[in-house]
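Student: Mind having a look at this structure? Questions to follow.
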Amino acid sequence: MSQFLQNEPSKSLNFLLYAQQKAPNDQSITQLVELVKRTFPNESSEILDARLNLIDQKLQKALEKIYSGEYMVAAKECQEVLDLEPENPLALTRLGSVYYAMGQVKQAREYWKQALEQDPKNDVLKSFMNQTGAEADRAPSQALTYKVQKGDTLMTIAERIYKRRDLWRKLYEANRSYLKNPYQLTVGQVLVLPPGAVNASVKE
């Protein structure tokens, strides 16, 4: 409900639907879900089907976005799963795959390592780690997502990540579908970091 009160209906729905699936007989949660949907009718369209497992839906969407090359959206879906289940091995694996597809091998291996800790018998993950060891030594490192901290603005985030305050507009464009107001961020909100901004900072 704190997300709802902070005008973050999408995130509020994520948490409430997750809670509803954990406790399907709790009518108070169902009422809260309906309250958020009534208050923000346009947001509920992002939820594919409240009767299906929210985690599975988001992981499936992440996989589809990886295959279609929409890596930023895939990263955001994985991160939202990890907000709900921080040790979800499939979310960690797919987030690693997103980073690998973007050429960020070091970051990919970090997530695959975490996934392997949760699923130590996963031979696919072991193969990923074995095959990418040499690549990681020469690969650059760049985050794809950023979790908003207290006091953050798009301008201060751009300065922290890219060393250029003027790149806040690129951040806004990359997150426009998730941001109702570019001047109002919510603590804990996940933003994607556009590659265009990364390229623009190379001049520095």
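Convention: chains lettered A, B, ... in structure tokens order; per-chain residue numbering from 1; ligands numbered from 1 as shown.
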Which residues are near Pro86 (chain A)? Cut-off 12 Å, only C-alpha atoms, ignore same chain within fewer than 6 positions. Put them as a VMD selection string.

Tutor: chain A and resid 55 78 to 80 92 111 114 to 115 118

Student: Which polymer residues have any atom within 7 Å of an atom of Lys58 (chain A), counting only C-alpha atoms, with same-chain residues fewer than 4 positions away left out, as a list in words?

Tutor: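 Result of the neighbour search: Leu54, Ala62, Glu77 and Val81 of chain A.
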
Student: Among region 124-172 of chain A, which ones does DSSP assign to helix (DSSP H, G or I) (computed from the backbone)? Answer as an MDAnalysis selection string.

Tutor: chainID A and resid 124:138 154:162 165:172

Student: For Leu144 (chain A), find every residue with an atom within 9 Å (counting only C-alpha atoms), except residues of its own chain fewer than 6 positions away, and show them as JSON, numbers by chain.

Tutor: {"A": [71, 72, 75, 76, 98, 99, 102, 191, 192, 193, 194, 195]}

Student: Since we have the selection now, will you write its residues out, keeping N, CA, C and O atoms, as a PDB file, in the first residue's frame?

Tutor:
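Final output, saved to out-v4.pdb:
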```pdb
ATOM      1  N   TYR A  71      16.091  -5.622 -24.557  1.00  0.00           N
ATOM      2  CA  TYR A  71      16.818  -6.018 -23.354  1.00  0.00           C
ATOM      3  C   TYR A  71      16.473  -5.174 -22.131  1.00  0.00           C
ATOM      4  O   TYR A  71      16.453  -5.682 -21.012  1.00  0.00           O
ATOM      5  N   MET A  72      16.215  -3.885 -22.330  1.00  0.00           N
ATOM      6  CA  MET A  72      15.902  -3.031 -21.189  1.00  0.00           C
ATOM      7  C   MET A  72      14.589  -3.443 -20.524  1.00  0.00           C
ATOM      8  O   MET A  72      14.467  -3.464 -19.304  1.00  0.00           O
ATOM      9  N   ALA A  75      15.164  -6.669 -18.658  1.00  0.00           N
ATOM     10  CA  ALA A  75      15.866  -6.416 -17.398  1.00  0.00           C
ATOM     11  C   ALA A  75      14.905  -5.908 -16.332  1.00  0.00           C
ATOM     12  O   ALA A  75      14.974  -6.315 -15.167  1.00  0.00           O
ATOM     13  N   LYS A  76      14.014  -5.034 -16.734  1.00  0.00           N
ATOM     14  CA  LYS A  76      13.056  -4.471 -15.781  1.00  0.00           C
ATOM     15  C   LYS A  76      12.117  -5.561 -15.258  1.00  0.00           C
ATOM     16  O   LYS A  76      11.819  -5.612 -14.061  1.00  0.00           O
ATOM     17  N   VAL A  98      20.341 -11.276 -20.028  1.00  0.00           N
ATOM     18  CA  VAL A  98      20.150  -9.927 -20.572  1.00  0.00           C
ATOM     19  C   VAL A  98      21.486  -9.197 -20.633  1.00  0.00           C
ATOM     20  O   VAL A  98      21.859  -8.609 -21.660  1.00  0.00           O
ATOM     21  N   TYR A  99      22.222  -9.234 -19.519  1.00  0.00           N
ATOM     22  CA  TYR A  99      23.516  -8.563 -19.484  1.00  0.00           C
ATOM     23  C   TYR A  99      24.483  -9.165 -20.507  1.00  0.00           C
ATOM     24  O   TYR A  99      25.218  -8.438 -21.176  1.00  0.00           O
ATOM     25  N   MET A 102      23.826  -7.966 -23.900  1.00  0.00           N
ATOM     26  CA  MET A 102      24.246  -6.570 -24.055  1.00  0.00           C
ATOM     27  C   MET A 102      25.763  -6.421 -24.035  1.00  0.00           C
ATOM     28  O   MET A 102      26.290  -5.320 -24.087  1.00  0.00           O
ATOM     29  N   LEU A 191      14.564   1.943 -12.683  1.00  0.00           N
ATOM     30  CA  LEU A 191      14.706   2.618 -13.969  1.00  0.00           C
ATOM     31  C   LEU A 191      15.658   1.825 -14.848  1.00  0.00           C
ATOM     32  O   LEU A 191      16.578   1.176 -14.357  1.00  0.00           O
ATOM     33  N   VAL A 192      15.417   1.861 -16.156  1.00  0.00           N
ATOM     34  CA  VAL A 192      16.368   1.251 -17.082  1.00  0.00           C
ATOM     35  C   VAL A 192      17.366   2.322 -17.521  1.00  0.00           C
ATOM     36  O   VAL A 192      17.043   3.504 -17.589  1.00  0.00           O
ATOM     37  N   LEU A 193      18.589   1.908 -17.787  1.00  0.00           N
ATOM     38  CA  LEU A 193      19.652   2.824 -18.192  1.00  0.00           C
ATOM     39  C   LEU A 193      19.916   2.629 -19.676  1.00  0.00           C
ATOM     40  O   LEU A 193      20.434   1.598 -20.084  1.00  0.00           O
ATOM     41  N   PRO A 194      19.538   3.590 -20.514  1.00  0.00           N
ATOM     42  CA  PRO A 194      19.626   3.423 -21.961  1.00  0.00           C
ATOM     43  C   PRO A 194      21.054   3.379 -22.486  1.00  0.00           C
ATOM     44  O   PRO A 194      21.905   4.142 -22.036  1.00  0.00           O
ATOM     45  N   PRO A 195      21.320   2.502 -23.467  1.00  0.00           N
ATOM     46  CA  PRO A 195      22.661   2.416 -24.052  1.00  0.00           C
ATOM     47  C   PRO A 195      23.065   3.713 -24.708  1.00  0.00           C
ATOM     48  O   PRO A 195      24.242   4.062 -24.739  1.00  0.00           O
TER      49      PRO A 195
END
```

Student: Quick one: everything within 7 Å of Gly96 (chain A), counting only C-alpha atoms, minus sequence neighbours fewer than 4 positions away in the same chain. Send it as an MDAnalysis selection string.

Tutor: chainID A and resid 92 100 107:109 111:112

Student: Keeping C-alpha atoms for every residue in the selection just given, could you write it to a file as a tab-separated table (two decimals), in the first residue's frame?

Tutor:
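Writing the result to part-v6.tsv gives the following:
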```
chain	number	residue	atom	x	y	z
A	92	LEU	CA	18.71	-14.24	-11.78
A	100	TYR	CA	25.35	-11.13	-21.60
A	107	GLN	CA	27.56	-8.41	-14.75
A	108	ALA	CA	26.08	-11.51	-16.42
A	109	ARG	CA	28.43	-13.77	-14.49
A	111	TYR	CA	23.87	-12.90	-11.68
A	112	TRP	CA	24.60	-16.41	-12.95
```

Student: Can you work out which one of A:Leu63, A:Asn130, A:Asn181, A:Leu171 has the shortest atom-to-atom distance to Thr156 (chain A), counting only C-alpha atoms?

Tutor: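 When distances to Thr156 (chain A) are compared using only C-alpha atoms, the smallest one comes from A:Leu171.
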
Student: How many Å lie between CA of Ser97 (chain A) and CA of Ala174 (chain A), rounded to one decimal?

Tutor: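 Between CA of Ser97 (chain A) and CA of Ala174 (chain A) the gap is 20.3 Å.
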
Student: Quick one: pull the distance between CA of Thr186 (chain A) and CA of Lys163 (chain A), Å, one decimal.

Tutor: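 Atom-to-atom, CA of Thr186 (chain A) to CA of Lys163 (chain A), that is 21.9 Å.
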
Student: If we count only C-alpha atoms, what is near Ile157 (chain A) at a cut-off of 12 Å, once residues fewer than 2 positions away on the same chain are taken out, given as JSON, numbers by chain?

Tutor: {"A": [145, 146, 147, 148, 149, 150, 151, 152, 153, 154, 155, 159, 160, 161, 162, 163, 164, 165, 166, 167, 168, 169, 170, 171, 172, 185, 191, 192, 193, 197]}
